>>> print(open('data_16.txt').read())   # compact mmCIF, C-alpha atoms
# COMPACT_ATOMS: atom_id res chain seq x y z
CA MET A 1 -7.03 -17.86 4.15
CA LEU A 2 -4.96 -15.99 6.70
CA PHE A 3 -7.81 -14.06 8.25
CA LYS A 4 -9.83 -15.14 11.25
CA ARG A 5 -13.34 -14.26 12.33
CA LYS A 6 -13.80 -10.57 13.23
CA ASP A 7 -10.26 -9.61 12.20
CA ARG A 8 -9.69 -5.88 11.68
CA ILE A 9 -7.60 -4.95 8.62
CA VAL A 10 -6.31 -1.37 8.37
CA PHE A 11 -5.25 -0.11 4.94
CA ILE A 12 -2.97 2.91 5.11
CA GLY A 13 -1.25 4.86 2.36
CA ASP A 14 -1.59 7.81 0.01
CA SER A 15 -4.19 8.92 -2.56
CA ILE A 16 -4.14 5.53 -4.29
CA THR A 17 -5.46 4.02 -1.06
CA ASP A 18 -7.61 7.03 -0.12
CA LYS A 19 -9.57 7.15 -3.42
CA GLY A 20 -12.28 9.46 -2.07
CA ARG A 21 -12.95 7.57 1.16
CA LYS A 22 -14.15 10.65 3.06
CA LYS A 23 -17.04 11.14 0.61
CA ASP A 24 -18.01 7.46 0.79
CA PRO A 25 -20.69 6.52 3.36
CA LEU A 26 -18.71 3.34 4.17
CA LYS A 27 -15.43 5.35 4.30
CA LEU A 28 -13.79 2.83 1.94
CA GLY A 29 -13.41 4.95 -1.20
CA SER A 30 -13.83 3.69 -4.75
CA GLY A 31 -10.41 2.09 -5.28
CA TYR A 32 -8.63 -1.16 -4.56
CA VAL A 33 -9.62 -1.14 -0.87
CA ARG A 34 -13.32 -1.20 -1.85
CA LEU A 35 -12.69 -4.07 -4.28
CA ILE A 36 -10.88 -6.07 -1.61
CA HIS A 37 -13.64 -5.34 0.90
CA ASP A 38 -16.35 -6.50 -1.50
CA TYR A 39 -14.47 -9.64 -2.49
CA LEU A 40 -13.72 -10.68 1.08
CA THR A 41 -17.26 -9.93 2.21
CA ALA A 42 -18.80 -11.90 -0.66
CA SER A 43 -16.36 -14.81 -0.44
CA TYR A 44 -16.02 -15.13 3.34
CA PRO A 45 -19.20 -13.67 4.86
CA GLU A 46 -18.85 -15.94 7.88
CA LEU A 47 -15.65 -14.14 8.92
CA GLY A 48 -17.28 -10.74 9.46
CA LEU A 49 -14.04 -8.93 8.64
CA LYS A 50 -13.72 -5.22 9.44
CA ILE A 51 -11.98 -3.23 6.69
CA ILE A 52 -10.71 0.24 7.66
CA ASN A 53 -9.31 2.68 5.07
CA GLU A 54 -6.82 5.23 6.42
CA GLY A 55 -5.37 6.46 3.13
CA VAL A 56 -4.57 10.19 2.88
CA SER A 57 -3.84 11.89 -0.42
CA GLY A 58 -0.31 13.21 -0.84
CA ASN A 59 1.21 11.21 2.00
CA ARG A 60 4.81 10.06 2.12
CA VAL A 61 6.23 7.63 4.65
CA ILE A 62 7.11 10.53 6.97
CA ASP A 63 3.41 11.49 7.01
CA LEU A 64 2.42 7.97 8.00
CA GLU A 65 4.85 8.25 10.89
CA LYS A 66 3.04 11.33 12.23
CA ARG A 67 -0.35 9.60 12.30
CA TRP A 68 0.60 5.99 13.02
CA THR A 69 -0.74 6.01 16.59
CA LEU A 70 -4.13 7.49 15.70
CA ASP A 71 -4.69 5.74 12.37
CA VAL A 72 -3.15 2.33 13.05
CA ILE A 73 -2.31 1.56 16.67
CA ASP A 74 -5.53 2.97 18.11
CA HIS A 75 -7.54 0.57 15.91
CA GLN A 76 -5.67 -2.40 17.46
CA PRO A 77 -5.90 -4.29 14.16
CA GLN A 78 -4.90 -7.86 13.47
CA TRP A 79 -3.53 -6.75 10.10
CA VAL A 80 -2.15 -3.52 8.66
CA SER A 81 -1.71 -3.21 4.90
CA ILE A 82 0.78 -0.50 3.90
CA SER A 83 1.02 1.07 0.44
CA ILE A 84 3.52 3.95 0.36
CA GLY A 85 6.46 5.19 -1.68
CA ILE A 86 5.00 6.83 -4.78
CA ASN A 87 4.98 10.37 -3.35
CA ASP A 88 8.40 9.85 -1.74
CA VAL A 89 9.71 9.59 -5.32
CA TRP A 90 7.24 11.85 -7.11
CA ARG A 91 8.12 14.83 -4.90
CA GLN A 92 11.70 14.47 -6.16
CA LEU A 93 10.37 15.08 -9.67
CA ASP A 94 7.65 17.70 -9.20
CA SER A 95 9.01 19.55 -6.13
CA PRO A 96 12.80 19.15 -6.23
CA ASN A 97 13.39 22.11 -3.89
CA ASN A 98 11.37 20.54 -1.07
CA GLU A 99 12.84 18.36 1.66
CA GLN A 100 13.08 14.88 0.14
CA VAL A 101 12.68 11.35 1.44
CA TYR A 102 15.53 9.43 -0.17
CA PRO A 103 15.86 5.64 0.16
CA GLU A 104 17.90 5.67 3.39
CA LYS A 105 15.32 7.85 5.16
CA PHE A 106 12.46 5.87 3.64
CA GLU A 107 13.83 2.62 5.06
CA GLU A 108 14.58 4.15 8.45
CA VAL A 109 11.05 5.50 8.91
CA TYR A 110 9.34 2.44 7.41
CA ARG A 111 11.32 0.18 9.75
CA SER A 112 10.24 2.33 12.71
CA LEU A 113 6.58 1.91 11.71
CA LEU A 114 7.00 -1.86 11.56
CA GLU A 115 8.69 -1.88 14.96
CA GLN A 116 5.72 0.01 16.39
CA THR A 117 3.35 -2.42 14.73
CA LYS A 118 5.09 -5.33 16.46
CA GLN A 119 3.83 -3.90 19.75
CA ILE A 120 0.19 -4.43 18.71
CA PRO A 121 -0.93 -7.82 20.05
CA ASP A 122 -1.27 -10.46 17.30
CA CYS A 123 -0.85 -7.95 14.49
CA ARG A 124 0.92 -8.71 11.22
CA ALA A 125 1.83 -6.46 8.32
CA ILE A 126 1.01 -6.71 4.62
CA LEU A 127 3.51 -4.67 2.59
CA MET A 128 2.54 -3.52 -0.87
CA GLU A 129 5.26 -2.55 -3.32
CA PRO A 130 4.79 1.00 -4.69
CA THR A 131 3.19 0.71 -8.12
CA VAL A 132 4.54 2.87 -10.99
CA ILE A 133 5.26 6.45 -11.98
CA LYS A 134 4.33 6.69 -15.68
CA GLU A 135 3.24 3.70 -17.67
CA TYR A 136 6.52 2.58 -19.16
CA PRO A 137 9.01 0.59 -17.10
CA ASP A 138 12.11 2.64 -17.90
CA ALA A 139 10.57 6.02 -17.04
CA THR A 140 12.69 8.23 -14.78
CA GLY A 141 10.18 7.84 -11.97
CA ASN A 142 10.29 4.05 -12.19
CA ARG A 143 14.08 4.01 -12.17
CA LEU A 144 14.06 6.19 -9.05
CA LEU A 145 11.38 3.94 -7.55
CA LYS A 146 13.42 0.74 -7.80
CA PRO A 147 15.39 1.19 -4.51
CA TYR A 148 12.11 1.83 -2.68
CA VAL A 149 10.62 -1.37 -4.10
CA ASP A 150 13.74 -3.25 -2.99
CA ILE A 151 13.39 -1.80 0.53
CA VAL A 152 9.77 -2.97 0.80
CA ASN A 153 10.83 -6.47 -0.28
CA ARG A 154 13.66 -6.54 2.23
CA LEU A 155 11.49 -5.31 5.10
CA ALA A 156 8.76 -7.83 4.27
CA GLU A 157 11.29 -10.63 4.61
CA GLN A 158 12.83 -9.27 7.79
CA TYR A 159 9.50 -8.68 9.54
CA ASP A 160 7.73 -11.84 8.32
CA ALA A 161 5.18 -9.69 6.52
CA VAL A 162 3.04 -10.69 3.56
CA LEU A 163 4.60 -9.13 0.43
CA VAL A 164 2.23 -7.89 -2.26
CA PRO A 165 4.29 -7.57 -5.50
CA THR A 166 2.27 -4.72 -6.97
CA HIS A 167 5.22 -3.04 -8.73
CA LEU A 168 6.14 -6.33 -10.37
CA ALA A 169 2.53 -6.94 -11.41
CA PHE A 170 2.27 -3.50 -13.01
CA VAL A 171 5.60 -3.78 -14.85
CA GLU A 172 4.72 -7.23 -16.18
CA PHE A 173 1.35 -5.95 -17.38
CA LEU A 174 2.94 -2.95 -19.10
CA LYS A 175 5.48 -5.16 -20.89
CA LEU A 176 2.61 -7.03 -22.55
CA GLU A 177 1.64 -3.82 -24.40
CA THR A 178 -2.07 -4.55 -24.26
CA GLY A 179 -3.02 -0.98 -25.12
CA GLN A 180 -4.97 -0.76 -21.88
CA ASP A 181 -4.09 2.03 -19.44
CA LEU A 182 -3.84 1.32 -15.72
CA THR A 183 -3.80 4.94 -14.54
CA THR A 184 -5.47 8.24 -15.32
CA ASP A 185 -2.25 10.27 -15.20
CA GLY A 186 0.66 7.85 -14.86
CA VAL A 187 0.16 7.46 -11.09
CA HIS A 188 -3.49 7.47 -9.98
CA MET A 189 -5.42 4.31 -10.79
CA ASN A 190 -8.28 3.93 -13.20
CA SER A 191 -10.68 1.04 -12.56
CA LEU A 192 -8.37 -1.48 -14.26
CA GLY A 193 -5.40 -0.35 -12.16
CA ASP A 194 -7.46 -0.67 -9.00
CA MET A 195 -8.48 -4.18 -10.06
CA LEU A 196 -4.85 -5.16 -10.70
CA MET A 197 -3.87 -3.88 -7.25
CA ALA A 198 -6.77 -5.71 -5.59
CA THR A 199 -6.20 -9.04 -7.35
CA THR A 200 -2.46 -8.91 -6.67
CA TRP A 201 -3.18 -8.27 -2.97
CA LEU A 202 -5.72 -11.09 -2.79
CA LYS A 203 -3.41 -13.58 -4.53
CA ALA A 204 -0.64 -12.73 -2.07
CA VAL A 205 -2.94 -13.15 0.93
CA GLU A 206 -4.81 -16.25 -0.22
CA GLY A 207 -1.69 -17.95 -1.51
CA ARG A 208 0.28 -17.41 1.69
>>> encode(input="data_16.txt", output="C-alpha cells")
Amino acid sequence: MLFKRKDRIVFIGDSITDKGRKKDPLKLGSGYVRLIHDYLTASYPELGLKIINEGVSGNRVIDLEKRWTLDVIDHQPQWVSISIGINDVWRQLDSPNNEQVYPEKFEEVYRSLLEQTKQIPDCRAILMEPTVIKEYPDATGNRLLKPYVDIVNRLAEQYDAVLVPTHLAFVEFLKLETGQDLTTDGVHMNSLGDMLMATTWLKAVEGR
C-alpha cells in the first residue's frame, strides 16, 4: 500500500469523476471516487485517509489548468489522481466549431499541471487513462482518443506517476462481448463502469 496515515488524495477530472458530488453530503458523488473511498476506508481504517473529489462536469484539460491552484495545490495533498481527456475528444465530435484541444495542446497543458504538482511537498500523481467514447473499440471517438491515452502513458513514465490503465481495462472488457454495458450513453458510467474504474485504480495502486 502506497498510502500513509492521514494522506490526502485529491481526485480531479470531469463529469465521470464529479458524479453528483455537490449534492452528496460527503461531497464524494456516487461514482468511482465513492467506491474507492469506501474500499480504502473499510480495508485500511487505521490510515484515516482523506479523499477529496474535485471533479467538474464538462471539463477539459484546459479547465483543470484554470482551477489547479484552488482545487489541487491549496489542498496540499500527498496524492493527486487525474482523470481527463474524454471531453477534449468529445468536443471535437459534438462541437466541431469550438476551439479544440488537440493532442499537442493536451500534452502541453497536462505537462504544465504535473510540473506544478511537483512543487507540492511530497506529492505524487496518479494518472488515469481516459476511458472510452462509445462502447466499441473501433468507434471514431476511440480512434481519436488513442493519442491522448498514449500521452497519459508517456507522462506517467516521465513523472514517475502511478499509471491507471482504465482505457485498456475498458477495451479488454468490451472485446469479451459480455452483453453488459459499462456506460449509460457511451461515455458516462453506469454502476458497472464505475466499479471497473475503481477496481482498475485500486489494482494499480495496491500493486505498485
>>> atom_distance(input="data_16.txt", atom1="atom CA of A:Arg67", atom2="atom CA of A:Lys105")
17.3 Å
>>> residues_around(input="data_16.txt", residues="stretch 196-206 of chain A", least_positions_apart="4", cutoff="6 Å", atoms="all atoms listed in the file", output="number ranges by chain")
A: 1, 32, 36, 164
>>> closest_residue(input="data_16.txt", among="A:Gly141, A:Pro77, A:Gly31, A:Gly20", to="A:Met195", atoms="all atoms listed in the file")
A:Gly31
>>> residues_around(input="data_16.txt", residues="A:Leu182", least_positions_apart="3", cutoff="8 Å", atoms="only C-alpha atoms", output="list in words")
Glu135, Gly186, Met189, Asn190, Ser191, Leu192, Gly193 and Asp194 of chain A
>>> atom_distance(input="data_16.txt", atom1="atom CA of A:Pro121", atom2="atom CA of A:Lys19")
29.1 Å
>>> atom_distance(input="data_16.txt", atom1="atom CA of A:Asn142", atom2="atom CA of A:Arg21")
27.0 Å
>>> residues_around(input="data_16.txt", residues="A:Gln78", least_positions_apart="2", cutoff="8 Å", atoms="all atoms listed in the file", output="MDAnalysis selection string")
chainID A and resid 7:9 76 80 121:124
>>> closest_residue(input="data_16.txt", among="A:Glu157, A:Asp14, A:Glu54, A:Glu46", to="A:Ala125", atoms="all atoms listed in the file")
A:Glu157
